[in-house]
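Reviewing the structure listed below.
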Amino acid sequence: MKALTHAQAQEWLQLAADGLLPAEQQAQLAAHLQSCPQCQAYADELNSLEGLLTHSLESRWGNPGLPPAASRSLLEQLGSQPARATSTPWLILLALAVAALLAWLLFGQTPAVPGAPTPSPSVAASSAAATATASRTPATTATAPTAPLTLFAVPLQTANCREGNSSQFDIADTLYQNERYQPIGRGTDNLWLQFRGPVTQTLCWAFVGNMTVLLNDETVALEDVPESVLPYIAYPPAPTATATLTPQPSPTAVPQCSDGLDNDGDGYTDMTDRECSDPSDDNEAN
Amino acid sequence: MDAQTLARCKAGDVQAIESLVLEHKDRLFRFCLSILDDAADAEDATQESFIAALKALKNYREESSFQTWLFSIALNVCRSQLRQRKRRARLASSAALDLARGSSNNPEREVIESERADALWHAIHNLDEKHRLPIILRYYHELSVQEIAEVLGIAEGTVHSRLSISRLQLNGTLKRMQSKRANR
Ligand SMILES: [Zn+2]
């Protein structure tokens with residue numbers, strides 16, 4: 001059996017700390033530690049650090065439970081609104097409102113509703129002007145009610161949904177592997193998709209490289225998705241650090257995950273390196 | 001949680017939901033507390049997380065444990081709270097702690113003046129989120145590397161590399177602190 005180097009032994013100690021060292025290698029490591037004071041000292045230091053970490057965090061937060069008042073209020077809330085599918089009535093109302101608005105813009109009439117009073121002639125008189133207005137602004141909603149195309153994005157691995165199109169933006173939500181999500185927009189470069197965060201309900205962006213785009217259940221390139229199905233949306237401006245924040249890495253520097261170099265020397269470059277979450281990630285090593 | 005309770009929860013059975021909440025509420029509260037470092041905010045986040053989790057229950061696959069799934073939902077709720085907090089701080093143009101990025105006004109001074117455990121906590125707090133969360137999940141919540149990977153949605157190898165880097169960095173901080181003390 002080949003002797004362990006000190007560097008390797010210390011790497012194995014780190015693996016062992018995370019419960020990731022196979023039993024066979026544990027025995028080999030133990031043998032090395034017996035004959036190597038240097039690595040034994042490293043092991044002792046790591047061990048004591050781990051004890052301190054637990055102690056430190058426990059002395060900060062203790063071991064509290066959810067306070068009784070909060071527990072009661074939570075149970076009351078959940079009891080009064082049992083789990084159910086996301087309610088849709090407001091969506092239907094919204095669709096009706098949009099239809100009514102369009103009808104008014106295009107025909108100067110309220111939509112024909114059985115039993116509803118007929119529109120007065122004075123409203124119809126303004127229809128020409130209203131039609132002109134409608135034709136100037138591209139009515140993005142006009143195709144929505146009848147669009148037969150369904151579009152989904154399916155993450156190949158769990159992905160961050162961020163407030164903008166780079167890892168410099170905060171994470172707003174998570175999109176889970178193999179779930180179907182409906183994008184609501186895309187960046188002008190077809191590299192990022194915009195979603196409504198499933199948990200936080202905030203608008204957020206996810207890198208398209210780690211996703212399958214399904215148009216009517218068929219995999220397509222994002223470029224080939226018609227604009228009527230998925231509009232282009234301008235990216236938000238790069239986040240600006242406020243005066244109180246620690247200085248951020250210069251935004252003009254090319255991030256490690258798109259600089260064409262194998263920065264961490266693991267044989268993988270940029271987005272082929274699994275440590276790269278997206279091309280703007282500035283750390284290829286992890 | 002057993003499959004039967006889960007199915008009853010999905011069907012909206014109030015009793016099953018109650019037992020689910022009772023089983024997980026304390027651990028979830030501690031999880032939120034360890035991200036937000038504020039008990040009142042953690043209470044809100046715990047409630048919000050349960051409500052979000054019950055709405056999303058149909059998406060829960062039993063391939064990960066219910067607890068790690070719940071934690072991953074709570075993490076998003078907590079992140080959203082941290083962002084609101086950051087915005088409030090910006091509006092007030094205060095020089096308050098930036099918890100989301102973990103920068104502190106004067107870490108050197110705090111480190112020297114604190115007790116060892118407290119100082120180490122500040123060092124953890126000053127790590128960026130992707131290094132801080134694995135440390136907190138491993139050493140406060142005592143999760144396995146596999147569970148941490150599930151909560152954070154990253155590979156196990158990535159969890160390990162982040163833990164290793166953080167341990168080396170925190171150990172370095174401790175050593176510097178000790179040598180500074182010895183010199184006083
Ligand atoms: Zn050695």
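Scheme for the structure tokens: letters A, B, ... for chains in order shown; per-chain residue numbers from 1; ligand numbers from 1 in order shown.
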
Worksheet item: Can you tell me which residues sit at most 12 Å away from ligand 1, counting only C-alpha atoms and all ligand atoms, written as a count of residues only?
Response: 27

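Near Ile135 of chain B, within 10 Å and counting only C-alpha atoms, sit Glu50, Leu53, Thr54 and Leu57 of chain A; Ile124, Leu127, Glu129, Lys130, His131, Arg132, Arg138, Tyr139, Tyr140, His141, Glu142, Leu143, Ile148, Val159, Arg162, Leu163, Ser164, Ser166 and Arg167 of chain B, not including residues fewer than 3 positions from it in the same chain.
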
Residues of chain B within 7 Å of chain A, counting only C-alpha atoms, what are they? List them as a short mmCIF file (atom, residue, chain, number, x, y, z; two decimals) with C-alpha atoms, in the first residue's frame.
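That gives us selection-v2.cif:
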data_model
loop_
_atom_site.label_atom_id
_atom_site.label_comp_id
_atom_site.auth_asym_id
_atom_site.auth_seq_id
_atom_site.Cartn_x
_atom_site.Cartn_y
_atom_site.Cartn_z
CA LYS B 10 -52.30 17.03 1.07
CA GLY B 12 -56.29 19.34 3.75
CA VAL B 14 -56.65 19.87 9.72
CA GLU B 18 -51.60 20.13 13.10
CA LYS B 25 -42.22 23.78 14.38
CA ASP B 26 -39.36 23.94 16.90
CA PHE B 29 -37.96 27.96 14.24
CA ARG B 30 -34.31 27.25 15.14
CA GLU B 43 -41.23 33.62 14.41
CA GLN B 47 -45.22 30.87 10.17
CA ALA B 52 -45.74 28.26 1.90
CA LEU B 54 -48.53 23.55 2.79
CA LYS B 55 -49.35 25.38 -0.44
CA ASN B 76 -36.15 31.13 0.56
CA VAL B 77 -38.56 32.78 2.99
CA SER B 80 -36.66 37.22 1.19
CA ALA B 95 -24.78 51.74 8.67
CA SER B 103 -20.25 42.35 6.56
CA ALA B 117 -17.12 31.55 21.26
CA ASP B 118 -18.63 34.93 20.54
CA LEU B 120 -15.96 32.62 16.45
CA TRP B 121 -19.63 33.36 15.91
CA TYR B 139 -22.53 22.42 13.34
CA TYR B 140 -25.75 23.91 14.71
CA VAL B 145 -23.50 16.49 4.07
CA GLY B 153 -29.76 22.42 -3.77
CA THR B 158 -19.65 21.30 -3.29
CA HIS B 160 -17.71 19.42 1.37
CA SER B 161 -15.45 21.88 -0.47
CA ARG B 162 -17.30 24.83 1.09
CA SER B 164 -13.37 22.61 4.16
CA ASN B 171 -9.23 28.20 12.07
#

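The two atoms in question, atom CA of Leu203 of chain A and atom CA of Asn126 of chain B, are spaced 28.0 Å apart.
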
Fill in: Contacts of Arg186 of chain A at 6 Å (only C-alpha atoms; same-chain gap of 3+ positions) as a ChimeraX atom specification
/A:192-194,232-233

Worksheet entry | Close residues, segment 219-225 of chain A itself excluded, 12 Å, only C-alpha atoms, min 3 positions apart in chain, as a PyMOL selection string | chain A and resi 149-154+183+185-193+207-209+211-216+228-232

Those same residues - N, CA, C and O atoms - I'd like them written as a short mmCIF file (atom, residue, chain, number, x, y, z; two decimals), in the first residue's frame.
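Okay, this is what ended up in out_11.cif:
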data_model
loop_
_atom_site.label_atom_id
_atom_site.label_comp_id
_atom_site.auth_asym_id
_atom_site.auth_seq_id
_atom_site.Cartn_x
_atom_site.Cartn_y
_atom_site.Cartn_z
N LEU A 149 -50.19 27.69 -27.33
CA LEU A 149 -48.88 27.15 -27.01
C LEU A 149 -48.63 27.17 -25.50
O LEU A 149 -48.94 28.14 -24.84
N THR A 150 -48.09 26.07 -24.99
CA THR A 150 -47.71 26.07 -23.58
C THR A 150 -46.19 26.02 -23.50
O THR A 150 -45.54 25.33 -24.28
N LEU A 151 -45.66 26.78 -22.58
CA LEU A 151 -44.21 26.86 -22.44
C LEU A 151 -43.81 26.56 -21.00
O LEU A 151 -44.37 27.13 -20.07
N PHE A 152 -42.86 25.65 -20.85
CA PHE A 152 -42.35 25.34 -19.52
C PHE A 152 -40.83 25.30 -19.56
O PHE A 152 -40.24 25.00 -20.60
N ALA A 153 -40.23 25.58 -18.43
CA ALA A 153 -38.79 25.39 -18.28
C ALA A 153 -38.59 24.38 -17.15
O ALA A 153 -39.24 24.47 -16.11
N VAL A 154 -37.75 23.38 -17.41
CA VAL A 154 -37.52 22.33 -16.43
C VAL A 154 -36.04 22.32 -16.03
O VAL A 154 -35.19 21.99 -16.86
N PRO A 183 -42.04 30.20 -17.47
CA PRO A 183 -41.33 31.48 -17.52
C PRO A 183 -42.29 32.59 -17.95
O PRO A 183 -43.26 32.32 -18.67
N GLY A 185 -40.86 35.71 -18.99
CA GLY A 185 -40.11 36.59 -19.89
C GLY A 185 -38.71 36.04 -20.07
O GLY A 185 -38.34 35.03 -19.46
N ARG A 186 -37.97 36.69 -20.96
CA ARG A 186 -36.58 36.28 -21.18
C ARG A 186 -35.74 37.52 -21.46
O ARG A 186 -36.27 38.56 -21.90
N GLY A 187 -34.44 37.39 -21.22
CA GLY A 187 -33.53 38.48 -21.50
C GLY A 187 -33.31 38.62 -22.98
O GLY A 187 -33.55 37.68 -23.76
N THR A 188 -32.84 39.79 -23.39
CA THR A 188 -32.67 40.07 -24.82
C THR A 188 -31.60 39.18 -25.45
O THR A 188 -31.55 39.02 -26.66
N ASP A 189 -30.71 38.59 -24.62
CA ASP A 189 -29.67 37.71 -25.16
C ASP A 189 -30.08 36.24 -25.13
O ASP A 189 -29.28 35.36 -25.43
N ASN A 190 -31.34 35.97 -24.74
CA ASN A 190 -31.84 34.59 -24.66
C ASN A 190 -31.01 33.71 -23.71
O ASN A 190 -30.94 32.49 -23.90
N LEU A 191 -30.37 34.32 -22.70
CA LEU A 191 -29.56 33.52 -21.78
C LEU A 191 -30.23 33.31 -20.42
O LEU A 191 -29.94 32.37 -19.71
N TRP A 192 -31.15 34.20 -20.06
CA TRP A 192 -31.80 34.08 -18.76
C TRP A 192 -33.32 34.15 -18.93
O TRP A 192 -33.81 34.88 -19.78
N LEU A 193 -34.01 33.36 -18.11
CA LEU A 193 -35.47 33.37 -18.13
C LEU A 193 -35.99 34.06 -16.88
O LEU A 193 -35.41 33.94 -15.80
N PHE A 207 -30.66 31.19 -15.04
CA PHE A 207 -29.83 30.95 -16.22
C PHE A 207 -30.40 29.78 -17.02
O PHE A 207 -30.70 28.73 -16.47
N VAL A 208 -30.55 29.97 -18.33
CA VAL A 208 -31.25 28.98 -19.15
C VAL A 208 -30.38 27.75 -19.45
O VAL A 208 -30.88 26.68 -19.80
N GLY A 209 -29.04 27.90 -19.26
CA GLY A 209 -28.13 26.81 -19.59
C GLY A 209 -28.41 25.52 -18.84
O GLY A 209 -28.11 24.43 -19.32
N MET A 211 -31.38 24.40 -18.00
CA MET A 211 -32.81 24.07 -18.09
C MET A 211 -33.18 23.50 -19.46
O MET A 211 -32.55 23.81 -20.46
N THR A 212 -34.22 22.70 -19.46
CA THR A 212 -34.83 22.28 -20.71
C THR A 212 -36.03 23.18 -20.96
O THR A 212 -36.84 23.39 -20.06
N VAL A 213 -36.13 23.72 -22.16
CA VAL A 213 -37.28 24.56 -22.49
C VAL A 213 -38.25 23.72 -23.31
O VAL A 213 -37.88 23.14 -24.33
N LEU A 214 -39.48 23.61 -22.82
CA LEU A 214 -40.49 22.77 -23.48
C LEU A 214 -41.59 23.64 -24.07
O LEU A 214 -42.29 24.34 -23.34
N LEU A 215 -41.74 23.59 -25.40
CA LEU A 215 -42.84 24.29 -26.06
C LEU A 215 -43.81 23.22 -26.52
O LEU A 215 -43.46 22.37 -27.34
N ASN A 216 -45.02 23.24 -25.98
CA ASN A 216 -45.98 22.15 -26.21
C ASN A 216 -45.33 20.78 -26.02
O ASN A 216 -45.44 19.89 -26.86
N SER A 228 -44.40 36.06 -29.21
CA SER A 228 -45.78 36.16 -28.73
C SER A 228 -46.02 35.24 -27.54
O SER A 228 -46.91 35.47 -26.73
N VAL A 229 -45.23 34.19 -27.42
CA VAL A 229 -45.38 33.26 -26.30
C VAL A 229 -44.56 33.73 -25.11
O VAL A 229 -44.98 33.61 -23.96
N LEU A 230 -43.38 34.27 -25.39
CA LEU A 230 -42.50 34.69 -24.30
C LEU A 230 -41.83 36.02 -24.68
O LEU A 230 -40.95 36.06 -25.53
N PRO A 231 -42.26 37.12 -24.05
CA PRO A 231 -41.72 38.43 -24.43
C PRO A 231 -40.29 38.65 -23.95
O PRO A 231 -39.85 38.00 -23.01
N TYR A 232 -39.60 39.54 -24.64
CA TYR A 232 -38.27 39.96 -24.19
C TYR A 232 -38.42 41.05 -23.13
O TYR A 232 -39.27 41.93 -23.26
#

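Of the listed residues (B:Gln178, B:Glu147, B:Asp37, B:Gln169), B:Glu147 comes nearest to Glu63 of chain B; the distances count only C-alpha atoms.
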